[in-house]
Amino acid sequence: MMESIHKYFRLGTLSWMSFPTDRYDPVDAVRHIARDGDLDAVEITDYKDPEVKKQIRHILNQSHLSVAYGAQPVILGENLNPNSLDEPERRMAQERLLEAMEDAKSFGASGFSFMAGAWCREGKEEALSQLKKTARALCSRGSSLGMAVELEVFDFDLDKKVLIGPAPLAARFASEMRQVTNNFGLLADLSHFPTTYEDSAFAVRAMRPYLTHFHIGNAVVTPEKDAYGDKHPRFGYPHGANDVGELYDFFTVLRQEGFFNSRNPVMLSAEVTPRPGEEAEIVLANTKRVINRAWSVL
């Protein structure tokens, strides 16, 4: 492509993935991203310390970055289940996510993403109905805050093992949600396609009407290999499923399906994380090189 990727996408990264919080200070992470002129967006998450929140808001206010809030770490870290068949448990998850949504608004986030809870073979339809309750509550509050609500599609039997995806089920759920609200969408992650036994062409086209946000990354799906599962290693990682070629295919499908929209660029965030012994800055630079190469040969 002769045109810049920034014409069609708000290129960003997930701060807690690019700079894992067990190794990097979250304020320094957001500061590093804000200083990176190659990035248009940042995804942030829950921060317990009020002073950390204050400093991150100060950085974001200066940055002109688009901001999205990911509640996935809240769900995973607090073992929440937004589709629990136990109504008090589901309600607890809903209230915690609504609390996180208020936090997201304080950072100036325009979007709020979350994930489904545990996969449920028995009672699956009831679990979907429970998830719909949670999603409707989030969309109602999001509408009053001027915020989009986006459900990220994960694997159902490999690592996270949650209720949504694969892609056809995600599309069905989103279709039902769109009948009752207009601020609900799906977040598709290239690194999750191998974990749901799908490819870009199938997944994107299955979810096409409902996709509002994208992540890109890598996954190892060969059992007993390092980083197996939903670990988001860098592009080019040994035994990884995604590299330049797969990202090129992803971009190609997005162009074919009409996602190259210069008037309203979609957020496209890198979801990669350094493995033990790797440096966050190098892994982030790796990601940008892969993006540049795949984009250049479109």
# chains A, B, ... in the order shown; residues from 1 in each chain; ligands from 1

$ residues_around --residues "A:Asp49" --least-positions-apart "3" --cutoff "12 Å" --atoms "only C-alpha atoms" --output "list in words"
Asp25, Pro26, Val27, Asp46, Val52, Lys53, Lys54, Gln55 and Ile56 of chain A

$ write_last_selection --atoms "C-alpha atoms" --output "short mmCIF file (atom, residue, chain, number, x, y, z; two decimals), in the first residue's frame"
data_model
loop_
_atom_site.label_atom_id
_atom_site.label_comp_id
_atom_site.auth_asym_id
_atom_site.auth_seq_id
_atom_site.Cartn_x
_atom_site.Cartn_y
_atom_site.Cartn_z
CA ASP A 25 5.45 0.10 36.10
CA PRO A 26 2.03 0.87 34.50
CA VAL A 27 2.66 4.61 34.46
CA ASP A 46 -7.87 -1.54 35.82
CA VAL A 52 -1.34 5.60 39.36
CA LYS A 53 -4.71 6.45 37.86
CA LYS A 54 -4.06 10.15 38.35
CA GLN A 55 -0.66 9.99 36.64
CA ILE A 56 -1.99 7.95 33.72
#

$ closest_residue --among "A:Ala118, A:Met92, A:Leu187, A:Leu145" --to "A:Met267" --atoms "only C-alpha atoms"
A:Leu187

$ residues_around --residues "stretch 83-85 of chain A" --least-positions-apart "5" --cutoff "8 Å" --atoms "only C-alpha atoms" --output "list of chain:residue names"
A:Arg90, A:Ala116, A:Gly117, A:Ala118, A:Glu126, A:Ala127, A:Leu128, A:Ser129, A:Gln130, A:Leu131, A:Lys132, A:Thr134

$ select_by_dssp --residues "stretch 40-213 of chain A" --states "strand (DSSP E)" --output "list of chain:residue names"
A:Ala41, A:Val42, A:Glu43, A:Ile44, A:Ser66, A:Val67, A:Ala68, A:Tyr69, A:Gly70, A:Gly111, A:Phe112, A:Ser113, A:Phe114, A:Ala148, A:Val149, A:Glu150, A:Leu151, A:Glu152, A:Phe184, A:Gly185, A:Leu186, A:Leu187, A:Ala188, A:Asp189, A:Leu211, A:Thr212, A:His213

$ atom_distance --atom1 "atom CA of A:Glu271" --atom2 "atom CA of A:Leu60"
19.7 Å

$ residues_around --residues "A:Ser4" --least-positions-apart "6" --cutoff "12 Å" --atoms "only C-alpha atoms" --output "PyMOL selection string"
chain A and resi 10-11+38+260+262+291-292+295-296+298

$ write_last_selection --atoms "N, CA and C atoms" --output "PDB file, in the first residue's frame"
ATOM      1  N   ARG A  10      -6.622   3.248  13.537  1.00  0.00           N
ATOM      2  CA  ARG A  10      -5.971   3.878  14.685  1.00  0.00           C
ATOM      3  C   ARG A  10      -5.079   2.800  15.302  1.00  0.00           C
ATOM      4  N   LEU A  11      -3.812   2.882  14.990  1.00  0.00           N
ATOM      5  CA  LEU A  11      -2.864   1.845  15.380  1.00  0.00           C
ATOM      6  C   LEU A  11      -2.479   2.020  16.850  1.00  0.00           C
ATOM      7  N   ASP A  38       4.506   6.545  16.429  1.00  0.00           N
ATOM      8  CA  ASP A  38       3.949   5.560  15.504  1.00  0.00           C
ATOM      9  C   ASP A  38       2.601   5.035  15.963  1.00  0.00           C
ATOM     10  N   PHE A 260     -11.413  -0.605   5.397  1.00  0.00           N
ATOM     11  CA  PHE A 260     -10.482   0.508   5.174  1.00  0.00           C
ATOM     12  C   PHE A 260     -11.304   1.785   5.039  1.00  0.00           C
ATOM     13  N   SER A 262     -11.397   5.627   5.880  1.00  0.00           N
ATOM     14  CA  SER A 262     -10.589   6.778   6.285  1.00  0.00           C
ATOM     15  C   SER A 262     -11.385   7.791   7.100  1.00  0.00           C
ATOM     16  N   ILE A 291       4.047  -5.257  10.971  1.00  0.00           N
ATOM     17  CA  ILE A 291       2.933  -4.483  10.417  1.00  0.00           C
ATOM     18  C   ILE A 291       3.379  -3.745   9.159  1.00  0.00           C
ATOM     19  N   ASN A 292       4.524  -3.075   9.234  1.00  0.00           N
ATOM     20  CA  ASN A 292       5.001  -2.301   8.090  1.00  0.00           C
ATOM     21  C   ASN A 292       5.248  -3.190   6.879  1.00  0.00           C
ATOM     22  N   TRP A 295       1.863  -4.528   5.475  1.00  0.00           N
ATOM     23  CA  TRP A 295       1.128  -3.430   4.839  1.00  0.00           C
ATOM     24  C   TRP A 295       1.773  -3.034   3.510  1.00  0.00           C
ATOM     25  N   SER A 296       3.078  -3.054   3.459  1.00  0.00           N
ATOM     26  CA  SER A 296       3.791  -2.575   2.264  1.00  0.00           C
ATOM     27  C   SER A 296       3.547  -3.453   1.058  1.00  0.00           C
ATOM     28  N   LEU A 298       0.672  -5.123   0.413  1.00  0.00           N
ATOM     29  CA  LEU A 298      -0.735  -5.202   0.043  1.00  0.00           C
ATOM     30  C   LEU A 298      -0.935  -4.721  -1.398  1.00  0.00           C
TER      31      LEU A 298
END

$ residues_around --residues "A:Leu284" --least-positions-apart "4" --cutoff "9 Å" --atoms "only C-alpha atoms" --output "JSON list (two decimals) with C-alpha atoms, in the first residue's frame"
[["chain", "number", "residue", "atom", "x", "y", "z"],
["A", 13, "THR", "CA", -1.25, -1.46, 21.62],
["A", 18, "SER", "CA", 3.21, -4.83, 25.74],
["A", 234, "ARG", "CA", 5.93, -11.92, 19.47],
["A", 270, "ALA", "CA", -1.07, -5.04, 18.87],
["A", 272, "VAL", "CA", 1.88, -9.13, 21.95],
["A", 273, "THR", "CA", 3.84, -9.63, 25.13],
["A", 274, "PRO", "CA", 7.51, -10.34, 25.83],
["A", 279, "GLU", "CA", 12.56, -6.84, 26.24],
["A", 280, "ALA", "CA", 9.23, -5.08, 25.85],
["A", 288, "LYS", "CA", 5.68, -2.54, 14.09],
["A", 289, "ARG", "CA", 8.19, -4.00, 11.62]]

$ residues_around --residues "A:Asn61" --least-positions-apart "5" --cutoff "12 Å" --atoms "only C-alpha atoms" --output "PyMOL selection string"
chain A and resi 30-31+34+54-56+66-67+106-109

$ write_last_selection --atoms "C-alpha atoms" --output "PDB file, in the first residue's frame"
ATOM      1  CA  VAL A  30       1.618   4.368  29.250  1.00  0.00           C
ATOM      2  CA  ARG A  31       4.279   7.073  29.118  1.00  0.00           C
ATOM      3  CA  ALA A  34       2.394   8.119  24.580  1.00  0.00           C
ATOM      4  CA  LYS A  54      -4.057  10.151  38.350  1.00  0.00           C
ATOM      5  CA  GLN A  55      -0.663   9.990  36.639  1.00  0.00           C
ATOM      6  CA  ILE A  56      -1.990   7.951  33.716  1.00  0.00           C
ATOM      7  CA  SER A  66      -7.390   7.398  21.315  1.00  0.00           C
ATOM      8  CA  VAL A  67      -8.150   5.426  24.466  1.00  0.00           C
ATOM      9  CA  SER A 106     -12.632   8.760  33.767  1.00  0.00           C
ATOM     10  CA  PHE A 107      -9.714   7.974  31.428  1.00  0.00           C
ATOM     11  CA  GLY A 108     -11.572   9.313  28.395  1.00  0.00           C
ATOM     12  CA  ALA A 109     -12.082   5.858  26.894  1.00  0.00           C
TER      13      ALA A 109
END

$ closest_residue --among "A:Asp157, A:Asp230, A:Leu268, A:Arg172" --to "A:Ala188" --atoms "only C-alpha atoms"
A:Leu268
